[in-house]
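Take a look at the structure below.
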Amino acid sequence: MSTRASTTPCGPNCFSGRVAASPFYRDKLARAGIVASDIQSRADLMRLPFTTKDDLRAAYPLNMLAVPRDEVVRIHASSGTTGKPTVTAYTAADIALWSELCARILTAVGVTPGVVVHDAYGYGLFTGGLAFHYAAERLGALVIPASNVAQPLQVRLMRDLGARVLLCTPSMAVSLAEAAHADGFDPRTLGLTAGVFGGEPWSDALRAHIERLWGIDAYDTYGLSEVIGPGVAHECREKDGLHLYEDHFIAEIIDPESGVVLPDGAFGELVITALTKRAQPLIRYRTGDRTALTRAPCRCGSPFARMRKVVG
């Protein structure tokens, strides 16, 4: 798994400068008696107030920006089914960073120039499809942007074009296998080697089921549209937790009731700070996801901490 940083390292002054450029965060920190220049270490970060989904909704549509609006080149957003949507803005540098983070994931599962990648994540406001699409193209792969195309056609394209890597939600992986069986052939004969599955919680039992259906290695991946999208964490070949890309994100686990930071190994709520996002910095975002962190060495050799599968 690559550990190479994709951008010029963002030290404390760089990060605090981005935070200071956001009127939303200037006001939020001022109410807590803090100025952005006070953020010089991880310990300083722990003194800062949390950011919540309610904050993102209150800042709708673009009141969290830390760059001039004309530098924003992309918007993604949640569905807004429970209220105002949460909007995430990207500069061109953010898009480049995002595609490289996802390219790390694809590289780890064997994507190289010419490999056929079948991308059945949703395209549009949802972040999944486009993130991996650009990453695969960055690596020189051949991309099938299947998205929500009818499943029988997807299966036929996978078979006829020689797909080797499948990208989709775990439930879609099962549905596509069922579509293959309905068309009269075993999906294991397609020659797929790996799948990257995310966008919804899934168990190791479902992983084993998908691997039997397709004859592949199935890898979990993690991201949130509010943070950047896919590319926050990913499983290595050991499948023993998801490595967090700590050169771009700081993760904490807190008690969801008290907000107290918990030690490694304890299950609680995942909190993420995005260090290098330019358009919309994010400080101590409460994801609502339940997991635990470990810094025990991984046999793959990555120095990054791992998060356990999200359990709720």
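Letters for chains follow the order of the structure tokens (A, B, ...), residue numbers begin at 1 for each chain, and ligand numbers begin at 1 in the order shown.
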As an MDAnalysis selection string, please: every residue in range 64-267 of chain A that DSSP puts in strand (DSSP E or B). chainID A and resid 72:77 87:91 116:119 142:144 165:168 194:197 217:224 229:235 242:244 249:254 261
Close residues, range 50-66 of chain A itself excluded, 6 Å, only C-alpha atoms, min 2 positions apart in chain, as a ChimeraX atom specification: /A:21-22,24,84,86,279-280,284-286
Run DSSP on the backbone and tell me which residues of range 69-256 of chain A come out as helix (DSSP H, G or I); list them as a VMD selection string. chain A and resid 69 to 71 92 to 108 128 to 138 151 to 161 170 to 182 187 to 190 204 to 214
Range 216-230 of chain A environment, 6 Å, only C-alpha atoms, sequence neighbours closer than 3 positions dropped, as a PyMOL selection string: chain A and resi 88+127+193-198+211+233-235
Write out, as a tab-separated table (two decimals), in the first residue's frame, the residues just selected, with N, CA and C atoms.
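Contents of result-v3.tsv, freshly written:
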```
chain	number	residue	atom	x	y	z
A	88	THR	N	-20.74	19.59	-0.30
A	88	THR	CA	-19.28	19.56	-0.22
A	88	THR	C	-18.71	20.19	-1.49
A	127	THR	N	-20.80	10.67	-4.25
A	127	THR	CA	-19.36	10.80	-4.53
A	127	THR	C	-18.69	9.55	-5.07
A	193	THR	N	-10.82	-10.47	-10.44
A	193	THR	CA	-9.82	-10.80	-9.43
A	193	THR	C	-10.07	-10.10	-8.10
A	194	ALA	N	-10.70	-8.92	-8.13
A	194	ALA	CA	-10.87	-8.15	-6.90
A	194	ALA	C	-12.10	-7.26	-7.00
A	195	GLY	N	-12.63	-6.91	-5.83
A	195	GLY	CA	-13.73	-5.96	-5.75
A	195	GLY	C	-13.49	-4.98	-4.62
A	196	VAL	N	-13.86	-3.72	-4.83
A	196	VAL	CA	-13.77	-2.67	-3.81
A	196	VAL	C	-15.19	-2.25	-3.48
A	197	PHE	N	-15.62	-2.56	-2.26
A	197	PHE	CA	-17.02	-2.40	-1.90
A	197	PHE	C	-17.16	-1.45	-0.70
A	198	GLY	N	-18.06	-0.50	-0.82
A	198	GLY	CA	-18.29	0.46	0.25
A	198	GLY	C	-19.63	1.13	0.05
A	211	GLU	N	-17.23	-13.22	-1.99
A	211	GLU	CA	-16.02	-13.88	-2.53
A	211	GLU	C	-16.36	-15.24	-3.13
A	233	ALA	N	-10.10	5.67	3.95
A	233	ALA	CA	-9.49	4.47	4.51
A	233	ALA	C	-9.80	3.28	3.62
A	234	HIS	N	-8.93	2.27	3.66
A	234	HIS	CA	-9.11	1.10	2.79
A	234	HIS	C	-8.38	-0.10	3.37
A	235	GLU	N	-8.93	-1.29	3.13
A	235	GLU	CA	-8.29	-2.53	3.56
A	235	GLU	C	-7.09	-2.86	2.67
```
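For the pair CA of Glu178 in chain A and CA of Ala208 in chain A, the separation is 15.8 Å.
Nearest-residue note for Cys14 in chain A: choosing from A:His118, A:Arg26, A:Arg207, A:Lys277, the minimum distance belongs to A:Lys277, counting only C-alpha atoms.
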Rounded to one decimal in Å, what is the spacing between CA of Arg278 in chain A and CA of Tyr134 in chain A? 18.9 Å
Kindly indicate which residue among A:Met172, A:Leu48, A:Ala120, A:Ala96 lies nearest to Ala32 in chain A, using only C-alpha atoms for the distances. A:Leu48
I'd like the contact shell of range 289-295 of chain A - 10 Å cut-off, only C-alpha atoms, skipping same-chain residues fewer than 2 positions apart - returned as a PyMOL selection string. chain A and resi 201+241-244+251-256+262-271+286-287+297-298+303-312
To one decimal place, how far is CA of Gly288 in chain A from CA of Ile272 in chain A in Å?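 Atom-to-atom, CA of Gly288 in chain A and CA of Ile272 in chain A are spaced 10.6 Å apart.
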Quick one: of A:Ala36, A:Val149, A:Leu161, A:Leu106, who's nearest to Tyr121 in chain A, counting only C-alpha atoms?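 When distances to Tyr121 in chain A are compared using only C-alpha atoms, the smallest one comes from A:Val149.
Nearest to Arg164 in chain A of all the residues A:Phe126, A:Ala180, A:Phe185, A:Asp119 is A:Asp119, based on only C-alpha atoms.
Look at Gly231 in chain A: the protein and nucleic acid residues within 10 Å of it, using only C-alpha atoms and passing over chain neighbours fewer than 6 places away, are Leu97, Trp98, Ser99, Glu100, Leu101, Cys102, Ala103, Arg104, Ile105, Gly128, Ala131, Phe132, Thr221, Tyr222, Gly223, Leu224, Leu244, Tyr245 and His248 of chain A.
In this comparison, which uses only C-alpha atoms, the residue of A:His181, A:Arg299, A:Arg212, A:Arg188 approaching Arg237 in chain A most closely is A:Arg299.
Minimum atom-to-atom distances from A:Asp247, A:Leu167, A:Val155, A:Ser302 to Val109 in chain A were compared using only C-alpha atoms, and the lowest value belongs to A:Leu167.
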Can you pull out the residues contacting His209 in chain A? Cut-off 10 Å, using only C-alpha atoms, and skip same-chain residues under 5 positions away; I want them as a list in words.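 These residues fall inside the cut-off: Val174, Ser203, Asp204, Trp214, Gly215 and Ala218 of chain A.
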Spatial neighbours of Pro113 in chain A, max dist 12 Å, only C-alpha atoms, sep filter under 2 positions, as a ChimeraX atom specification: /A:103,106-107,110-111,115-117,135-143
